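First the structure, in the form of C-alpha cells, and then the observations on it.
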Amino acid sequence: MKYVSEFRSPEIVDALLKEIHETVRGRWNIMEVCGGQTHSLVKNGILNLLPEGIQMIHGPGCPVCVTPVNLIDKAVHLAMDRNVILCSFGDMIRVPGSSMSLLEAKSKGGDVRILYSPLEAVKIARENPGREVVFFAVGFETTAPANALSVVHAAREGVRNYSILTSHVLVPPAMEAIMSDEDCRVDAFLGAGHVCAIMGMREYFPLVEKYKIPIVITGFEPVDLLEGILMSVKQLEKKEYRLENQYTRVVEMEGNKNAIAVIDRIFTVTDREWRGIGNIPLSGYAIKEAYRLYDTNDRFHIEIEEAHEDPTCLSGEVMKGKIKPNQCPNFGTKCTPVKPLGAPMVSSEGACAAYYHFHLAGEPVETVQ
Amino acid sequence: MCLAIPGKIKSIELLYGGAVKMAKVSFGGIIKEASLEMLPTAAVGDYVLVHVGVAISKVNEEEAHKVFGYLKEAGELDELYDTTI
C-alpha cells in the first residue's frame with residue numbers, strides 16, 4: 001500500500017538501526033507519547049532491536065486508559081436507561097468501571113453500539129427520534145475535530161436528540177506533568193504525530209525551552225519511529241535541544257486550520273482528571289455554553305455512587321512511564337485482556353495490552369536507569 | 001485512538017448544497033467514507049489520512065519520497081513493493 005509499505009521496508013529499517021547503533025554513545029531514556037506509537041514499537045519488535053543505551057519509556061497517550069472511572073460509570077448508567085442508545089468507539093467498551101464495563105452493560109440489555117465514527121451517531125439519532133443518542137466522545141486532539149464535527153452536523157440538521165459525553169485530553173499539559181514530576185527520567189520525547197497533524201507544532205516550543213529537552217514529532221510506522229529515535233539521539237549526543245519534525249509528509253507547523261477552528265467552535269479548555277495520574281490543569285475539553293444542548297452532562301442529571309477502582313492496579317505507574325507493563329505483579333496473572341484490572345490492558349493503545357498481545361510477558365525486564 | 005492510515009480519494013460527493021464534502025477513500029482496495037470538511041481543497045486522486053471517519057491531513061508526496069534517501073545512502077537500488085495501489 002502506498003505511503004505505508006515504504007515506511008515498513010526492512011531495508012530502510014536496517015539502514016536506520018545501523019545508524020542508530022553507530023551514533024549512540026550515552027544512555028538515554030526516550031518517551032514516545034502516543035499509545036499508537038507504543039503498539040507499533042512493540043508489535044514490530046523494535047524494542048528488541050535498539051541498542052542497549054536507548055530505553056523507550058511508554059507515555060500516557062492512550063485516551064481510553066486515562067478516562068476517569070466515574071465517566072465510565074456515567075456511560076454505563078446511561079446505557080442501562082431504556083430510552084438511551086449509548087454509542088462508543090470500540091476499545092472503550094471493555095474498560096472496567098466501578099461495577100461493570102459497557103460490554104457488560106450491553107450483555108445485561110443496555111443498547112450499546114460500537115461505531116467507527118461519531119458522525120454515524122448523528123445518523124442514528126436522526127433515525128431514532130424517539131430516543132436519546134449519546135456518543136462517548138473520548139480522545140486526544142486527533143479525535144476532537146470529528147467529535148466537534150458531529151455536534152456541528154447535529155446542529156445543522158436540527159437533530160435534537162443527540163449529545164456527547166466528553167472525555168477529551170490534551171498532549172502538551174500531559175508532557176508538562178511528566179516533566180515536572182521529580183522522579184522524571186525522560187531525556188527526549190517522540191511527539192504524537194497525528195495530534196500535531198491537527199494542532200500543529202507551535203505549542204511544543206515552550207516545553208523544549210523550559211525543560212531543555214529534544215522533542216521530535218514522529219509518525220507511527222517502524223521507519224518513522226526509528227527515524228524519530230535517530231533524530232533524538234543525534235540531538236542528545238550533541239547536547240542540543242530543539243523541536244524537530246520527522247513526520248513531514250503529514251505534519252505542518254501550523255497544523256490543520258479547519259480542524260482547529262471546529263474544535264475552537266465547540267470546545268473550551270478545562271481542567272481534567274486523568275485516570276491513574278490525577279488532575280492536570282487545563283488538560284481537557286468541555287463543550288462551550290453555546291452548544292450546551294449537545295452536552296450529555298447538561299442534558300442528563302446522572303446520580304451515581306462515587307467511583308472506585310481496584311487498588312492493586314498499577315496502571316498509573318505504567319502510564320507515567322515509571323514501570324513497564326511486565327514489571328507489574330498482576331501482569332498476565334490477575335490482569336489479562338479478558339479480565340482486566342484497569343484500562344491499559346484492554347485499550348488498543350494501552351501499553352499493557354501491547355506487551356500482552358505480543359508476548360513480552362517472558363522477556364527480561366530492563367529497569368529505567 | 002490516534003490511529004489513521006493513508007488512503008486514496010476515489011470520488012467526492014457534495015451534500016447540503018455543497019456545504020459538506022464526503023469522499024469515498026480506498027485503503028488498498030477497501031473503500032470507506034470520510035468527511036472532507038477539514039480538507040476542503042482535497043481532490044480525487046489525493047492521498048489523505050483518515051481518522052474516525054474524518055480526513056485530517058493530506059500526504060505530501062515530495063516529503064514522503066525522502067524516505068528513499070536512506071536506501072540511496074546505503075547503496076540499495078532495488079524496487080521495494082508494488083506502489084501502484
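As shown in the C-alpha cells, the chain order sets the letters A, B, ...; within each chain, residues go from 1, and ligands are also counted from 1 in the order they appear.
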Exercise for the section: Kindly determine which residues of chain A lie within 9 Å of chain B, considering only C-alpha atoms, and give the answer as a PyMOL selection string. Expected result: chain A and resi 1-7+9+11-12+15-16+34-36+62-64+89+91+115-120+138-143+145-146+149+192-195+197-198+220+223+247-251+255-259+262+348-349
Residues just named, written with C-alpha atoms as an mmCIF file, in the first residue's frame:
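Generated output (selection_27.cif):
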data_model
loop_
_atom_site.group_PDB
_atom_site.id
_atom_site.type_symbol
_atom_site.label_atom_id
_atom_site.label_comp_id
_atom_site.auth_asym_id
_atom_site.auth_seq_id
_atom_site.Cartn_x
_atom_site.Cartn_y
_atom_site.Cartn_z
ATOM 1 C CA MET A 1 0.000 0.000 0.000
ATOM 2 C CA LYS A 2 1.328 3.349 -0.989
ATOM 3 C CA TYR A 3 2.677 5.575 1.799
ATOM 4 C CA VAL A 4 2.550 2.602 4.157
ATOM 5 C CA SER A 5 4.765 -0.129 2.661
ATOM 6 C CA GLU A 6 7.764 2.137 2.182
ATOM 7 C CA PHE A 7 7.652 3.005 5.862
ATOM 8 C CA SER A 9 10.624 -1.519 4.439
ATOM 9 C CA GLU A 11 15.985 -2.414 4.107
ATOM 10 C CA ILE A 12 15.282 1.085 5.381
ATOM 11 C CA ALA A 15 19.809 1.230 7.489
ATOM 12 C CA LEU A 16 18.286 3.310 10.299
ATOM 13 C CA CYS A 34 1.241 8.177 21.876
ATOM 14 C CA GLY A 35 -0.153 4.718 22.620
ATOM 15 C CA GLY A 36 -0.301 4.005 18.903
ATOM 16 C CA CYS A 62 -3.965 6.390 25.491
ATOM 17 C CA PRO A 63 -7.166 8.408 25.903
ATOM 18 C CA VAL A 64 -9.162 5.292 26.741
ATOM 19 C CA PHE A 89 -15.579 3.703 19.966
ATOM 20 C CA ASP A 91 -11.945 -0.124 22.539
ATOM 21 C CA LEU A 115 -19.214 2.898 15.947
ATOM 22 C CA TYR A 116 -16.269 3.727 13.731
ATOM 23 C CA SER A 117 -17.121 7.432 13.635
ATOM 24 C CA PRO A 118 -19.121 9.897 15.772
ATOM 25 C CA LEU A 119 -20.747 11.079 12.529
ATOM 26 C CA GLU A 120 -22.568 7.722 12.438
ATOM 27 C CA VAL A 138 -13.146 10.026 24.045
ATOM 28 C CA GLY A 139 -9.835 11.063 22.512
ATOM 29 C CA PHE A 140 -6.841 13.285 22.234
ATOM 30 C CA GLU A 141 -6.711 16.289 19.930
ATOM 31 C CA THR A 142 -6.682 13.947 16.901
ATOM 32 C CA THR A 143 -10.250 12.866 17.578
ATOM 33 C CA PRO A 145 -12.372 17.568 15.223
ATOM 34 C CA ALA A 146 -14.535 14.510 14.471
ATOM 35 C CA LEU A 149 -17.990 17.944 13.746
ATOM 36 C CA ALA A 192 2.477 12.472 18.859
ATOM 37 C CA GLY A 193 2.363 12.733 15.062
ATOM 38 C CA HIS A 194 -1.367 12.751 14.447
ATOM 39 C CA VAL A 195 -2.108 15.139 17.310
ATOM 40 C CA ALA A 197 -1.255 16.987 12.227
ATOM 41 C CA ILE A 198 -4.280 18.692 13.783
ATOM 42 C CA PHE A 220 3.782 5.559 13.610
ATOM 43 C CA VAL A 223 10.664 3.690 9.716
ATOM 44 C CA TYR A 247 6.639 13.260 10.173
ATOM 45 C CA THR A 248 6.959 15.885 7.462
ATOM 46 C CA ARG A 249 4.720 14.076 4.978
ATOM 47 C CA VAL A 250 1.729 14.722 7.278
ATOM 48 C CA VAL A 251 2.585 17.369 9.891
ATOM 49 C CA GLY A 255 -1.477 22.139 11.700
ATOM 50 C CA ASN A 256 -4.920 21.912 10.111
ATOM 51 C CA LYS A 257 -6.603 25.318 10.431
ATOM 52 C CA ASN A 258 -10.080 23.982 9.658
ATOM 53 C CA ALA A 259 -9.773 21.309 12.321
ATOM 54 C CA VAL A 262 -14.066 23.449 14.536
ATOM 55 C CA SER A 348 -5.940 -0.738 21.545
ATOM 56 C CA GLU A 349 -3.343 1.847 22.578
#
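Here atom CA of Gly278 of chain A is placed at a distance of 14.7 Å from atom CA of Gly61 of chain A.
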Practice task
If you run DSSP over the backbone, which residues in chain B end up strand (DSSP E)? Put them as number ranges by chain.
Solution key: B: 5-15, 20-27, 30-35, 47-51, 54-58
Got time to write the residues from that selection, C-alpha atoms, as a compact mmCIF listing (two decimals), in the first residue's frame?
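Everything below was put into again_24.txt:
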# COMPACT_ATOMS: atom_id res chain seq x y z
CA ILE B 5 -3.68 5.27 7.68
CA PRO B 6 -3.40 6.93 4.29
CA GLY B 7 -5.95 6.19 1.59
CA LYS B 8 -6.62 7.47 -1.92
CA ILE B 9 -9.70 9.59 -2.69
CA LYS B 10 -11.67 7.77 -5.37
CA SER B 11 -14.74 10.01 -5.55
CA ILE B 12 -16.29 13.03 -3.86
CA GLU B 13 -19.96 13.75 -3.19
CA LEU B 14 -21.36 17.14 -2.26
CA LEU B 15 -24.15 17.25 0.31
CA VAL B 20 -20.39 19.16 3.09
CA LYS B 21 -17.92 17.14 1.03
CA MET B 22 -17.92 13.38 1.61
CA ALA B 23 -15.31 11.22 -0.07
CA LYS B 24 -15.03 7.54 -0.84
CA VAL B 25 -11.46 6.68 0.14
CA SER B 26 -9.67 3.50 -0.88
CA PHE B 27 -7.33 1.79 1.59
CA ILE B 30 -11.22 -1.33 0.84
CA ILE B 31 -13.49 1.68 0.43
CA LYS B 32 -14.57 3.77 3.40
CA GLU B 33 -16.43 7.05 3.55
CA ALA B 34 -14.76 10.09 5.04
CA SER B 35 -15.75 13.69 5.56
CA TYR B 47 -3.83 10.62 -0.57
CA VAL B 48 -5.34 11.58 2.78
CA LEU B 49 -5.03 10.40 6.37
CA VAL B 50 -8.44 9.39 7.72
CA HIS B 51 -9.21 9.17 11.43
CA VAL B 54 -12.77 12.40 9.03
CA ALA B 55 -9.87 13.17 6.69
CA ILE B 56 -7.37 15.15 8.76
CA SER B 57 -4.35 15.67 6.55
CA LYS B 58 -3.09 15.24 3.00
Practice task
Quick one: pick out all helix (DSSP H, G or I) residues within chain B from a backbone DSSP run and write them as a PyMOL selection string.
Solution key: chain B and resi 16-18+61-74
Written selection (N, CA and C atoms) as a PDB file, in the first residue's frame:
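Result went into part26.pdb, see below:
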ATOM      1  N   TYR B  16     -25.812  18.768   1.180  1.00  0.00           N
ATOM      2  CA  TYR B  16     -26.322  20.020   1.760  1.00  0.00           C
ATOM      3  C   TYR B  16     -25.961  21.219   0.889  1.00  0.00           C
ATOM      4  N   GLY B  17     -26.239  21.077  -0.405  1.00  0.00           N
ATOM      5  CA  GLY B  17     -25.993  22.195  -1.326  1.00  0.00           C
ATOM      6  C   GLY B  17     -24.540  22.590  -1.397  1.00  0.00           C
ATOM      7  N   GLY B  18     -23.634  21.615  -1.223  1.00  0.00           N
ATOM      8  CA  GLY B  18     -22.204  21.919  -1.355  1.00  0.00           C
ATOM      9  C   GLY B  18     -21.512  22.234  -0.043  1.00  0.00           C
ATOM     10  N   GLU B  61       3.496  14.181  -1.056  1.00  0.00           N
ATOM     11  CA  GLU B  61       4.243  13.185  -1.844  1.00  0.00           C
ATOM     12  C   GLU B  61       5.755  13.442  -1.835  1.00  0.00           C
ATOM     13  N   GLU B  62       6.115  14.710  -1.971  1.00  0.00           N
ATOM     14  CA  GLU B  62       7.547  15.056  -2.019  1.00  0.00           C
ATOM     15  C   GLU B  62       8.245  14.678  -0.712  1.00  0.00           C
ATOM     16  N   GLU B  63       7.589  14.995   0.395  1.00  0.00           N
ATOM     17  CA  GLU B  63       8.180  14.664   1.702  1.00  0.00           C
ATOM     18  C   GLU B  63       8.247  13.156   1.885  1.00  0.00           C
ATOM     19  N   ALA B  64       7.185  12.473   1.408  1.00  0.00           N
ATOM     20  CA  ALA B  64       7.138  11.016   1.575  1.00  0.00           C
ATOM     21  C   ALA B  64       8.286  10.338   0.824  1.00  0.00           C
ATOM     22  N   HIS B  65       8.659  10.903  -0.316  1.00  0.00           N
ATOM     23  CA  HIS B  65       9.708  10.265  -1.126  1.00  0.00           C
ATOM     24  C   HIS B  65      11.087  10.375  -0.510  1.00  0.00           C
ATOM     25  N   LYS B  66      11.233  11.306   0.462  1.00  0.00           N
ATOM     26  CA  LYS B  66      12.566  11.493   1.064  1.00  0.00           C
ATOM     27  C   LYS B  66      13.032  10.227   1.770  1.00  0.00           C
ATOM     28  N   VAL B  67      12.065   9.371   2.164  1.00  0.00           N
ATOM     29  CA  VAL B  67      12.429   8.147   2.888  1.00  0.00           C
ATOM     30  C   VAL B  67      13.366   7.272   2.044  1.00  0.00           C
ATOM     31  N   PHE B  68      13.214   7.360   0.721  1.00  0.00           N
ATOM     32  CA  PHE B  68      14.057   6.530  -0.143  1.00  0.00           C
ATOM     33  C   PHE B  68      15.520   6.968  -0.115  1.00  0.00           C
ATOM     34  N   GLY B  69      15.752   8.167   0.418  1.00  0.00           N
ATOM     35  CA  GLY B  69      17.129   8.651   0.550  1.00  0.00           C
ATOM     36  C   GLY B  69      17.992   7.703   1.362  1.00  0.00           C
ATOM     37  N   TYR B  70      17.383   7.036   2.368  1.00  0.00           N
ATOM     38  CA  TYR B  70      18.146   6.093   3.193  1.00  0.00           C
ATOM     39  C   TYR B  70      18.677   4.942   2.361  1.00  0.00           C
ATOM     40  N   LEU B  71      17.885   4.555   1.340  1.00  0.00           N
ATOM     41  CA  LEU B  71      18.325   3.434   0.513  1.00  0.00           C
ATOM     42  C   LEU B  71      19.463   3.857  -0.390  1.00  0.00           C
ATOM     43  N   LYS B  72      19.378   5.078  -0.911  1.00  0.00           N
ATOM     44  CA  LYS B  72      20.444   5.548  -1.802  1.00  0.00           C
ATOM     45  C   LYS B  72      21.746   5.631  -1.015  1.00  0.00           C
ATOM     46  N   GLU B  73      21.636   6.121   0.245  1.00  0.00           N
ATOM     47  CA  GLU B  73      22.836   6.231   1.085  1.00  0.00           C
ATOM     48  C   GLU B  73      23.425   4.862   1.348  1.00  0.00           C
ATOM     49  N   ALA B  74      22.532   3.880   1.557  1.00  0.00           N
ATOM     50  CA  ALA B  74      23.016   2.540   1.870  1.00  0.00           C
ATOM     51  C   ALA B  74      23.412   1.801   0.598  1.00  0.00           C
TER      52      ALA B  74
END
For Val151 of chain A, list every protein, DNA or RNA residue within 9 Å, evaluated using only C-alpha atoms, and leave out those in the same chain fewer than 4 positions away; present the list as a PDB file with N, CA and C atoms, in the first residue's frame.
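The file below, part32.pdb, is the result:
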ATOM      1  N   LEU A 119     -19.776  10.592  13.516  1.00  0.00           N
ATOM      2  CA  LEU A 119     -20.747  11.079  12.529  1.00  0.00           C
ATOM      3  C   LEU A 119     -21.877  10.054  12.331  1.00  0.00           C
ATOM      4  N   VAL A 122     -24.804  10.562  14.809  1.00  0.00           N
ATOM      5  CA  VAL A 122     -25.790  11.597  14.451  1.00  0.00           C
ATOM      6  C   VAL A 122     -26.855  10.972  13.544  1.00  0.00           C
ATOM      7  N   ALA A 146     -13.419  15.384  14.848  1.00  0.00           N
ATOM      8  CA  ALA A 146     -14.535  14.510  14.471  1.00  0.00           C
ATOM      9  C   ALA A 146     -15.661  14.618  15.490  1.00  0.00           C
ATOM     10  N   ASN A 147     -15.310  14.630  16.773  1.00  0.00           N
ATOM     11  CA  ASN A 147     -16.338  14.755  17.810  1.00  0.00           C
ATOM     12  C   ASN A 147     -17.039  16.103  17.713  1.00  0.00           C
ATOM     13  N   ALA A 155     -26.400  20.054  14.845  1.00  0.00           N
ATOM     14  CA  ALA A 155     -26.981  21.403  14.880  1.00  0.00           C
ATOM     15  C   ALA A 155     -27.510  21.786  13.498  1.00  0.00           C
ATOM     16  N   ARG A 156     -26.715  21.509  12.487  1.00  0.00           N
ATOM     17  CA  ARG A 156     -27.099  21.872  11.121  1.00  0.00           C
ATOM     18  C   ARG A 156     -28.345  21.118  10.671  1.00  0.00           C
ATOM     19  N   TYR A 162     -29.406  14.296  20.257  1.00  0.00           N
ATOM     20  CA  TYR A 162     -28.010  13.853  20.207  1.00  0.00           C
ATOM     21  C   TYR A 162     -27.179  14.651  21.199  1.00  0.00           C
ATOM     22  N   SER A 163     -26.317  13.969  21.942  1.00  0.00           N
ATOM     23  CA  SER A 163     -25.386  14.689  22.812  1.00  0.00           C
ATOM     24  C   SER A 163     -24.101  13.879  22.948  1.00  0.00           C
ATOM     25  N   ILE A 164     -23.026  14.562  23.360  1.00  0.00           N
ATOM     26  CA  ILE A 164     -21.770  13.844  23.557  1.00  0.00           C
ATOM     27  C   ILE A 164     -21.308  13.914  25.009  1.00  0.00           C
ATOM     28  N   ILE A 266     -16.610  24.467  19.182  1.00  0.00           N
ATOM     29  CA  ILE A 266     -17.428  23.628  20.052  1.00  0.00           C
ATOM     30  C   ILE A 266     -16.859  23.500  21.468  1.00  0.00           C
ATOM     31  N   TYR A 291     -23.258  25.515  22.950  1.00  0.00           N
ATOM     32  CA  TYR A 291     -23.647  24.190  22.460  1.00  0.00           C
ATOM     33  C   TYR A 291     -24.074  23.257  23.582  1.00  0.00           C
ATOM     34  N   TYR A 294     -25.968  19.967  23.339  1.00  0.00           N
ATOM     35  CA  TYR A 294     -25.333  18.733  22.867  1.00  0.00           C
ATOM     36  C   TYR A 294     -24.394  18.141  23.904  1.00  0.00           C
TER      37      TYR A 294
END
Exercise for the section: Could you jot down the atom CA of Ser150 of chain A to atom CA of Pro172 of chain A separation for me, Å, one decimal place? Expected result: 24.7 Å
Practice task
Would you list the contacts of Cys313 of chain A as JSON, numbers by chain, taking every protein, DNA or RNA residue within 9 Å and counting only C-alpha atoms, but skipping same-chain residues closer than 5 positions in sequence?
Solution key: {"A": [276, 328, 330, 335, 341, 342]}
Considering only C-alpha atoms, tabulate each residue of segment 262-344 of chain A that lies at most 10 Å from segment 176-182 of chain A along with its nearest interatomic pair and the corresponding distance in Å to one decimal; arrange the rows by chain and ascending residue number and present them as a Markdown table.
| residue | atom | partner | partner_atom | distance |
| --- | --- | --- | --- | --- |
| A:Ile277 | CA | A:Ala177 | CA | 9.3 |
| A:Asn279 | CA | A:Ala177 | CA | 9.7 |
| A:Ile280 | CA | A:Ala177 | CA | 7.1 |
| A:Pro281 | CA | A:Ala177 | CA | 9.2 |
| A:Ser283 | CA | A:Ala177 | CA | 9.9 |
| A:Met319 | CA | A:Ile178 | CA | 9.8 |
| A:Lys320 | CA | A:Ile178 | CA | 6.7 |
| A:Gly321 | CA | A:Ile178 | CA | 8.8 |
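Going from atom CA of Lys43 of chain A over to atom CA of Gly350 of chain A, you cover 12.5 Å.
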